[in-house]
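Peer 1: Coordinates in model24.cif, mmCIF, C-alpha atoms, are listed below.
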```
data_structure
loop_
_atom_site.label_atom_id
_atom_site.label_comp_id
_atom_site.auth_asym_id
_atom_site.auth_seq_id
_atom_site.Cartn_x
_atom_site.Cartn_y
_atom_site.Cartn_z
CA MET A 1 3.35 98.44 50.71
CA ARG A 2 5.05 100.67 53.26
CA LEU A 3 8.42 102.37 52.95
CA GLY A 4 11.50 101.66 55.01
CA ILE A 5 15.03 102.98 54.71
CA ASN A 6 18.42 101.43 55.38
CA VAL A 7 20.18 104.44 56.85
CA PRO A 8 23.78 104.83 55.67
CA LEU A 9 26.13 105.50 58.58
CA ASN A 10 27.92 108.22 56.61
CA ASP A 11 24.60 110.09 56.31
CA ILE A 12 22.70 109.05 59.40
CA ASP A 13 20.63 112.25 59.52
CA LEU A 14 18.93 110.97 56.37
CA VAL A 15 16.49 109.37 58.79
CA VAL A 16 15.01 112.83 59.47
CA GLU A 17 14.35 113.25 55.75
CA ALA A 18 12.80 109.79 55.58
CA GLU A 19 10.48 110.63 58.47
CA ARG A 20 9.45 113.84 56.70
CA HIS A 21 8.51 111.81 53.61
CA GLY A 22 6.33 109.44 55.63
CA PHE A 23 8.62 106.42 55.78
CA GLU A 24 7.42 103.79 58.23
CA VAL A 25 10.69 102.40 59.60
CA ALA A 26 14.44 103.03 59.51
CA PHE A 27 16.89 100.12 59.63
CA VAL A 28 20.53 100.27 60.69
CA PRO A 29 22.99 97.55 59.68
CA GLU A 30 26.13 96.58 61.50
CA GLY A 31 29.37 95.28 60.07
CA PHE A 32 32.88 96.47 59.35
CA ARG A 33 32.17 100.10 60.29
CA SER A 34 29.80 100.21 63.22
CA ASP A 35 27.46 98.48 65.58
CA ALA A 36 23.75 99.18 65.09
CA ALA A 37 22.64 99.90 68.66
CA SER A 38 24.59 103.15 69.05
CA ALA A 39 23.21 104.58 65.81
CA LEU A 40 19.67 103.49 66.69
CA GLY A 41 19.82 105.37 69.98
CA TYR A 42 20.91 108.50 68.12
CA MET A 43 18.15 108.09 65.54
CA ALA A 44 15.51 107.59 68.22
CA ALA A 45 16.51 110.92 69.75
CA ARG A 46 16.41 112.71 66.37
CA THR A 47 12.92 111.52 65.37
CA THR A 48 9.40 111.33 66.78
CA ARG A 49 7.31 109.08 64.52
CA ILE A 50 9.38 106.75 62.36
CA HIS A 51 10.12 103.32 63.83
CA VAL A 52 13.75 102.28 64.23
CA ALA A 53 15.02 98.74 63.71
CA SER A 54 18.21 96.75 63.74
CA GLY A 55 18.87 95.53 60.26
CA VAL A 56 20.28 93.30 61.65
CA PHE A 57 21.95 92.61 65.01
CA GLN A 58 24.51 89.82 64.63
CA ILE A 59 23.45 86.89 66.81
CA PRO A 60 27.02 85.68 67.50
CA ALA A 61 28.06 89.16 68.64
CA ARG A 62 25.73 89.30 71.66
CA THR A 63 24.40 86.97 74.27
CA ALA A 64 20.64 86.67 74.15
CA ALA A 65 20.39 88.51 77.49
CA MET A 66 22.40 91.45 76.13
CA THR A 67 20.16 91.60 73.08
CA VAL A 68 17.12 91.77 75.37
CA MET A 69 18.68 94.56 77.45
CA THR A 70 19.57 96.49 74.30
CA ALA A 71 16.06 96.04 72.90
CA ALA A 72 14.52 97.24 76.17
CA THR A 73 16.76 100.31 76.21
CA LEU A 74 15.93 101.20 72.61
CA ASP A 75 12.23 100.59 73.28
CA GLY A 76 12.41 103.19 76.06
CA LEU A 77 14.54 105.70 74.15
CA SER A 78 12.24 105.54 71.12
CA GLY A 79 8.95 105.61 73.02
CA GLY A 80 8.02 102.12 71.85
CA ARG A 81 9.19 102.49 68.24
CA PHE A 82 11.92 99.84 68.21
CA ARG A 83 11.84 96.63 66.13
CA LEU A 84 14.39 93.86 66.61
CA GLY A 85 16.06 92.45 63.51
CA LEU A 86 18.37 89.45 64.05
CA GLY A 87 20.67 87.46 61.80
CA ILE A 88 23.00 84.52 62.32
CA SER A 89 25.56 86.23 60.04
CA ASN A 90 27.93 83.80 58.29
CA ALA A 91 30.93 81.59 58.99
CA PHE A 92 33.43 84.30 58.05
CA VAL A 93 32.07 86.75 60.64
CA THR A 94 30.96 84.25 63.28
CA GLU A 95 34.25 82.41 63.51
CA GLY A 96 36.63 85.12 62.31
CA TRP A 97 35.28 88.09 64.27
CA HIS A 98 33.58 86.55 67.28
CA GLY A 99 35.43 83.29 67.77
CA THR A 100 32.23 81.26 67.86
CA PRO A 101 31.66 78.03 65.90
CA PHE A 102 29.20 78.43 63.05
CA GLY A 103 27.87 74.86 63.06
CA ARG A 104 24.10 74.33 62.92
CA PRO A 105 23.18 78.01 62.55
CA LEU A 106 19.43 77.42 62.27
CA ALA A 107 19.23 75.39 65.48
CA ARG A 108 21.30 78.08 67.21
CA THR A 109 18.94 80.78 65.90
CA ARG A 110 15.86 78.89 67.10
CA GLU A 111 17.22 78.66 70.65
CA TYR A 112 18.42 82.26 70.66
CA VAL A 113 15.02 83.60 69.62
CA ALA A 114 13.31 81.40 72.24
CA VAL A 115 15.46 82.94 74.99
CA VAL A 116 14.91 86.49 73.69
CA ARG A 117 11.15 85.94 73.49
CA ALA A 118 10.98 84.56 77.02
CA ALA A 119 12.90 87.48 78.49
CA LEU A 120 10.97 90.13 76.52
CA ASP A 121 7.76 88.53 77.81
CA GLY A 122 9.00 89.16 81.36
CA ARG A 123 9.76 85.54 82.20
CA GLN A 124 12.85 84.35 83.99
CA VAL A 125 14.97 82.49 81.49
CA ASP A 126 15.56 78.80 82.07
CA HIS A 127 16.73 77.35 78.78
CA GLN A 128 18.81 74.20 78.63
CA GLY A 129 19.33 73.59 74.94
CA GLU A 130 22.02 72.16 72.72
CA HIS A 131 23.54 75.56 71.96
CA LEU A 132 22.36 77.83 74.77
CA ARG A 133 22.25 76.95 78.46
CA VAL A 134 20.94 79.72 80.65
CA PRO A 135 21.61 79.57 83.53
CA LEU A 136 24.77 77.50 83.19
CA PRO A 137 24.25 74.12 84.90
CA GLY A 138 26.28 74.01 88.09
CA GLY A 139 27.09 77.69 87.77
CA ARG A 140 26.40 80.50 90.17
CA GLY A 141 23.39 82.73 89.68
CA THR A 142 19.91 82.34 88.31
CA GLY A 143 18.52 82.75 84.83
CA PHE A 144 18.15 86.25 83.42
CA ARG A 145 14.96 88.25 84.00
CA LEU A 146 14.35 91.68 82.51
CA HIS A 147 13.56 94.18 85.28
CA ALA A 148 12.02 96.80 83.03
CA SER A 149 8.54 97.63 81.79
CA LEU A 150 8.45 97.81 78.01
CA ILE A 151 6.49 100.53 76.26
CA SER A 152 5.76 98.38 73.23
CA PRO A 153 3.28 95.61 74.09
CA ARG A 154 5.30 93.28 71.85
CA ILE A 155 8.63 94.17 70.22
CA PRO A 156 8.52 92.57 66.74
CA ILE A 157 11.35 90.19 65.89
CA TYR A 158 12.48 89.97 62.27
CA LEU A 159 14.90 87.31 61.03
CA ALA A 160 17.32 87.68 58.14
CA ALA A 161 17.38 84.58 55.93
CA VAL A 162 18.60 83.58 52.48
CA GLY A 163 18.03 79.85 51.97
CA GLU A 164 14.83 77.81 52.00
CA ARG A 165 15.33 76.35 55.49
CA GLY A 166 16.13 79.77 56.93
CA LEU A 167 13.00 81.21 55.35
CA ARG A 168 10.84 78.47 56.80
CA LEU A 169 12.35 79.08 60.23
CA ALA A 170 11.67 82.82 59.95
CA GLY A 171 8.05 82.10 59.06
CA GLU A 172 7.72 79.73 61.99
CA ILE A 173 9.26 81.71 64.87
CA ALA A 174 9.48 85.39 63.83
CA ASP A 175 7.19 88.33 63.11
CA GLY A 176 8.85 89.13 59.81
CA TRP A 177 11.60 88.35 57.31
CA PHE A 178 14.44 90.67 56.32
CA GLY A 179 15.89 89.76 52.92
CA VAL A 180 18.80 90.91 50.77
CA PHE A 181 19.51 90.69 47.03
CA CYS A 182 15.85 90.05 46.26
CA SER A 183 14.17 90.41 42.89
CA PRO A 184 10.36 90.49 42.91
CA GLU A 185 10.45 86.92 41.60
CA ARG A 186 12.67 85.78 44.47
CA VAL A 187 10.38 87.55 46.97
CA ALA A 188 7.40 85.63 45.59
CA GLU A 189 9.36 82.38 45.96
CA ALA A 190 10.40 83.32 49.49
CA VAL A 191 6.80 84.07 50.49
CA GLY A 192 5.90 80.46 49.73
CA HIS A 193 8.58 79.18 52.11
CA LEU A 194 7.62 81.75 54.75
CA GLU A 195 3.98 80.69 54.57
CA ALA A 196 5.01 77.05 54.98
CA GLY A 197 6.86 78.06 58.13
CA ARG A 198 3.83 79.96 59.42
CA ARG A 199 1.68 76.86 59.03
CA SER A 200 4.14 74.80 61.07
CA GLY A 201 4.30 77.33 63.90
CA ASP A 202 1.83 79.29 65.98
CA GLY A 203 1.66 82.37 63.77
CA GLU A 204 -0.62 81.33 60.95
CA GLY A 205 -3.18 84.06 60.40
CA GLU A 206 -1.17 86.62 62.36
CA PRO A 207 0.42 89.66 60.63
CA PHE A 208 3.84 88.94 59.15
CA GLU A 209 6.27 91.40 57.57
CA VAL A 210 8.03 90.69 54.25
CA ILE A 211 10.89 93.19 54.07
CA PRO A 212 13.44 92.99 51.27
CA SER A 213 16.40 95.35 51.37
CA VAL A 214 16.52 97.04 47.95
CA PRO A 215 19.09 99.57 46.65
CA ILE A 216 17.67 102.63 44.91
CA ALA A 217 19.34 105.14 42.59
CA VAL A 218 17.47 107.68 40.44
CA ASP A 219 19.56 108.06 37.28
CA GLU A 220 18.97 107.97 33.54
CA ASP A 221 22.23 106.03 33.15
CA LEU A 222 21.48 102.53 34.43
CA GLU A 223 25.07 101.32 34.23
CA ALA A 224 26.29 104.28 36.30
CA ALA A 225 23.52 103.75 38.84
CA ALA A 226 24.55 100.11 39.22
CA VAL A 227 28.22 100.78 40.09
CA PRO A 228 27.87 101.36 43.88
CA VAL A 229 25.48 98.41 44.12
CA LYS A 230 28.05 96.18 42.39
CA HIS A 231 30.62 97.09 45.05
CA HIS A 232 28.08 96.22 47.77
CA VAL A 233 27.29 92.83 46.21
CA ALA A 234 30.97 92.02 45.72
CA ARG A 235 31.71 92.60 49.42
CA PHE A 236 29.08 90.06 50.46
CA VAL A 237 29.97 87.46 47.83
CA SER A 238 33.67 87.63 48.78
CA LEU A 239 33.15 86.98 52.52
CA GLY A 240 34.84 83.69 53.32
CA HIS A 241 35.04 80.48 51.34
CA ARG A 242 32.37 79.87 48.72
CA SER A 243 31.23 76.66 50.43
CA ASP A 244 30.10 78.66 53.48
CA ASN A 245 28.89 81.81 51.74
CA PHE A 246 25.12 82.17 51.38
CA TYR A 247 25.48 84.99 48.86
CA PHE A 248 27.94 83.10 46.66
CA ARG A 249 25.52 80.19 46.53
CA LEU A 250 22.63 82.55 45.75
CA LEU A 251 24.44 83.92 42.67
CA GLU A 252 25.31 80.36 41.70
CA ARG A 253 21.69 79.24 42.03
CA LEU A 254 20.54 82.15 39.87
CA GLY A 255 22.87 81.17 37.05
CA HIS A 256 25.81 83.46 37.84
CA GLY A 257 28.19 80.82 39.17
CA GLU A 258 31.13 81.81 36.94
CA ALA A 259 30.73 85.45 37.96
CA ALA A 260 30.63 84.46 41.64
CA VAL A 261 33.93 82.58 41.27
CA GLU A 262 35.53 85.56 39.53
CA ILE A 263 34.29 87.95 42.23
CA GLN A 264 35.88 85.84 44.96
CA GLU A 265 39.14 85.34 43.08
CA ARG A 266 39.55 89.05 42.31
CA ALA A 267 38.65 90.04 45.88
CA GLN A 268 41.14 87.57 47.34
CA ALA A 269 43.81 89.01 45.04
CA GLY A 270 43.15 92.48 46.47
CA ASP A 271 41.37 93.73 43.34
CA ALA A 272 38.21 95.26 44.82
CA ALA A 273 37.42 97.20 41.65
CA GLY A 274 37.75 94.07 39.55
CA ALA A 275 35.54 92.12 41.92
CA ALA A 276 32.83 94.75 41.63
CA ALA A 277 33.17 94.86 37.84
CA ALA A 278 32.58 91.09 37.75
CA VAL A 279 29.14 91.43 39.35
CA PRO A 280 26.60 90.90 36.53
CA PHE A 281 24.54 93.99 35.70
CA GLU A 282 21.50 91.72 35.21
CA PHE A 283 21.69 90.58 38.83
CA VAL A 284 22.04 94.14 40.16
CA ASP A 285 19.22 95.46 38.00
CA SER A 286 16.87 92.64 39.00
CA THR A 287 17.46 93.23 42.73
CA SER A 288 17.50 97.06 42.75
CA LEU A 289 15.45 100.11 41.80
CA LEU A 290 17.53 101.82 39.15
CA GLY A 291 16.69 104.42 36.54
CA PRO A 292 14.29 107.32 36.03
CA PRO A 293 11.18 107.72 38.20
CA ASP A 294 8.82 105.91 35.82
CA ARG A 295 11.07 102.84 35.71
CA ILE A 296 11.39 102.84 39.49
CA ALA A 297 7.59 103.03 39.77
CA GLU A 298 7.21 99.93 37.58
CA ARG A 299 9.70 98.02 39.71
CA MET A 300 8.10 99.08 42.99
CA SER A 301 4.75 97.86 41.71
CA ALA A 302 6.34 94.48 40.94
CA TYR A 303 7.62 94.23 44.52
CA ALA A 304 4.19 95.08 45.88
CA ARG A 305 2.57 92.39 43.73
CA ALA A 306 5.15 89.84 44.91
CA GLY A 307 3.96 90.22 48.50
CA VAL A 308 6.28 92.82 49.99
CA THR A 309 4.74 94.55 53.01
CA THR A 310 7.60 97.01 53.65
CA ILE A 311 10.37 97.74 51.15
CA ALA A 312 13.61 98.74 52.90
CA LEU A 313 15.31 101.12 50.47
CA SER A 314 19.07 101.69 50.45
CA PRO A 315 19.84 105.03 48.75
CA VAL A 316 23.20 104.43 47.07
CA GLY A 317 25.83 106.82 45.78
CA SER A 318 28.20 109.30 47.36
CA ASP A 319 26.12 112.42 46.66
CA PRO A 320 23.85 113.36 49.62
CA ALA A 321 21.56 115.33 47.32
CA ALA A 322 21.08 112.26 45.11
CA ARG A 323 20.21 110.13 48.15
CA ARG A 324 17.56 112.65 49.20
CA LYS A 325 16.20 112.74 45.67
CA SER A 326 15.82 108.96 45.82
CA LEU A 327 13.72 109.23 48.98
CA GLN A 328 11.47 111.85 47.40
CA VAL A 329 10.92 109.76 44.27
CA ALA A 330 10.23 106.66 46.36
CA ALA A 331 7.68 108.50 48.50
CA GLU A 332 5.88 109.92 45.48
CA THR A 333 5.88 106.52 43.80
CA ALA A 334 4.67 104.67 46.90
CA ASP A 335 1.64 106.94 47.10
CA LEU A 336 0.71 105.74 43.60
CA VAL A 337 1.50 102.07 44.25
CA SER A 338 -0.27 102.02 47.64
CA PRO A 339 -2.88 104.82 47.81
CA GLY A 340 -3.56 105.92 51.37
CA ARG A 341 -0.23 104.56 52.58
#
```
What is this file in structure tokens?
Peer 2:
Amino acid sequence: MRLGINVPLNDIDLVVEAERHGFEVAFVPEGFRSDAASALGYMAARTTRIHVASGVFQIPARTAAMTVMTAATLDGLSGGRFRLGLGISNAFVTEGWHGTPFGRPLARTREYVAVVRAALDGRQVDHQGEHLRVPLPGGRGTGFRLHASLISPRIPIYLAAVGERGLRLAGEIADGWFGVFCSPERVAEAVGHLEAGRRSGDGEGEPFEVIPSVPIAVDEDLEAAAVPVKHHVARFVSLGHRSDNFYFRLLERLGHGEAAVEIQERAQAGDAAGAAAAVPFEFVDSTSLLGPPDRIAERMSAYARAGVTTIALSPVGSDPAARRKSLQVAAETADLVSPGR
């Protein structure tokens, strides 16, 4: 099991520390604060070995051609170290931020990835699907072709997914899966769906990355360590109406339906602290690495046994020194979990 890091935008130079500790890949999210591409370009310039990845680019925010151009630029800036993470986002962001209908997100993702693949392979795009039509029929111009030579022989594409159908699609058409709010047990369940997708596509037998995003906090006080993670969970669970919220439904499916309702109600009332307080500690603890080093080592071993290939760690907390301590503990632990990493 290799190590990855989700680089916090308020401490982006943490990527240098991660590279020093032998981390394999650094992911950058995008959301309320920042796009990912700008930060990835900066990180590529500050490092020499660690791979950099979008974790993840929002599909509704970019045309497929723009995603290909961005990927090609980051491939060049990083010397072939870029990996492309994509996600359909959710109805709240898709319709509220980008003014794009959210209907049939999996079909839209399938077409989007097909266009991106074609262009990254150097082909001229001619895709006339239900959701994407490039070039536009009757329009002026021809389909997009990338006029650049990539350094990487094949830029890996990872898909974010939460539900069973999304997991199967990721297994079928992508090179890896990027997951959030994953316990080791949920990873093991997800691997089954991913493998089913691999069998239905062309990738069976080929390498495939299983990459859960996992918060980490080294602290003897488990409740204190969980506080920043609770705020993170509450933000996701409160995005949009519960009927369209993957994360709300995930909590519901795991037996925390009443808590999910309370999180949304408190968030909608403007009570962010109350929403975070309503997040069950059991859920946070099961999907995070919290506690002293020996407890974190036990949990990392459980993720490795569940089938994780790269664990994308999110050092939480406002103290930069504590975040760096988390990286050190993770690196020392990973050497025990995966000798010769």
Peer 1: Would you tabulate, counting all atoms listed in the file, all residues of range 187-255 of chain A that have an atom at most 10 Å from an atom of range 4-12 of chain A, showing the closest pair of atoms and their distance in Å to one decimal, sorted by chain then ascending number, as CSV?
Peer 2:
```
residue,atom,partner,partner_atom,distance
A:Ile211,CA,A:Gly4,CA,8.5
A:Pro212,CA,A:Gly4,CA,9.6
A:Ser213,CA,A:Asn6,CA,7.6
A:Val214,CA,A:Asn6,CA,8.8
A:Pro215,CA,A:Asn6,CA,9.0
```
Peer 1: State, in Å with one decimal place, the distance from CA of Lys325 in chain A to CA of Ser78 in chain A.
Peer 2: 26.7 Å
Peer 1: Near Glu298 in chain A, within 10 Å and counting only C-alpha atoms, which residues show up once chain neighbours fewer than 4 positions away are dropped, as a list in words?
Peer 2: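 Near Glu298 in chain A, the qualifying residues are Leu289, Pro293, Asp294, Ala302, Tyr303, Thr333 and Val337 of chain A.
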Peer 1: From the set A:Leu222, A:Leu120, A:Ala107, A:Leu167, which residue has the shortest atom-to-atom contact distance to Ala196 in chain A, counting only C-alpha atoms?
Peer 2: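 Going through A:Leu222, A:Leu120, A:Ala107, A:Leu167 one by one, the smallest distance to Ala196 in chain A is for A:Leu167.
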Peer 1: Neighbouring residues of Tyr158 in chain A were defined as those with any atom within 7 Å, considering all atoms listed in the file; residues of the same chain fewer than 2 positions away were excluded. Please report them as a PyMOL selection string.
Peer 2: chain A and resi 84-86+156+160+174-178
Peer 1: Near Gly41 in chain A, counting all atoms listed in the file, which residues have an atom at most 8 Å away, once you skip same-chain residues fewer than 3 positions from it, shown as a list of chain:residue names?
Peer 2: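 Once the nearby chain positions are removed, what remains is A:Ala37, A:Ser38, A:Ala44, A:Ala45, A:Leu74, A:Leu77, A:Ser78.
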Peer 1: Could you please determine the separation between CA of His51 in chain A and CA of Gly205 in chain A in Å, to one decimal place?
Peer 2: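 Calculated distance between CA of His51 in chain A and CA of Gly205 in chain A is 23.7 Å.
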Peer 1: Counting only C-alpha atoms, figure out which residue out of A:Met69, A:Leu14, A:Ala304, A:Val227 gets nearest to Val284 in chain A.
Peer 2: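 Closest to Val284 in chain A, using only C-alpha atoms: A:Val227.
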Peer 1: Which residues come within 12 Å of Leu159 in chain A, counting all atoms listed in the file, excluding same-chain residues fewer than 6 positions away, as a count of residues only?
Peer 2: 40
Peer 1: Where does the PyMOL selection byres ((chain A and resi 143-148) around 6) land in this file, that is, which residues does it pick, as a ChimeraX atom specification?
Peer 2: /A:119,124-126,134-135,142,149
Peer 1: Could you state the separation of CA of Thr310 in chain A and CA of Ser200 in chain A in Å, given to one decimal place?
Peer 2: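 One can read the CA of Thr310 in chain A to CA of Ser200 in chain A distance as 23.7 Å.
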Peer 1: So that I can see what lies close to Glu282 in chain A, please list as an MDAnalysis selection string the residues with an atom at most 12 Å from it, counting all atoms listed in the file and leaving out residues fewer than 6 positions away in the same chain.
Peer 2: chainID A and resid 183 222:223 226 229:230 251 254:256 259 288 290
Peer 1: Can you translate the PyMOL selection byres ((chain A and resi 132) around 10) into the concrete residues it hits in this file, as JSON, numbers by chain?
Peer 2: {"A": [63, 64, 108, 109, 111, 112, 115, 127, 128, 129, 130, 131, 133, 134, 135, 136]}
Peer 1: On this structure, which residues satisfy the PyMOL selection byres ((chain A and resi 220) around 7), written as a PDB file with C-alpha atoms, in the frame of the given file?
Peer 2:
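This is the output file part-v1.pdb:
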```pdb
ATOM      1  CA  ASP A 219      19.560 108.060  37.280  1.00  0.00           C
ATOM      2  CA  ASP A 221      22.230 106.030  33.150  1.00  0.00           C
ATOM      3  CA  LEU A 222      21.480 102.530  34.430  1.00  0.00           C
ATOM      4  CA  GLY A 291      16.690 104.420  36.540  1.00  0.00           C
ATOM      5  CA  PRO A 292      14.290 107.320  36.030  1.00  0.00           C
TER       6      PRO A 292
END
```
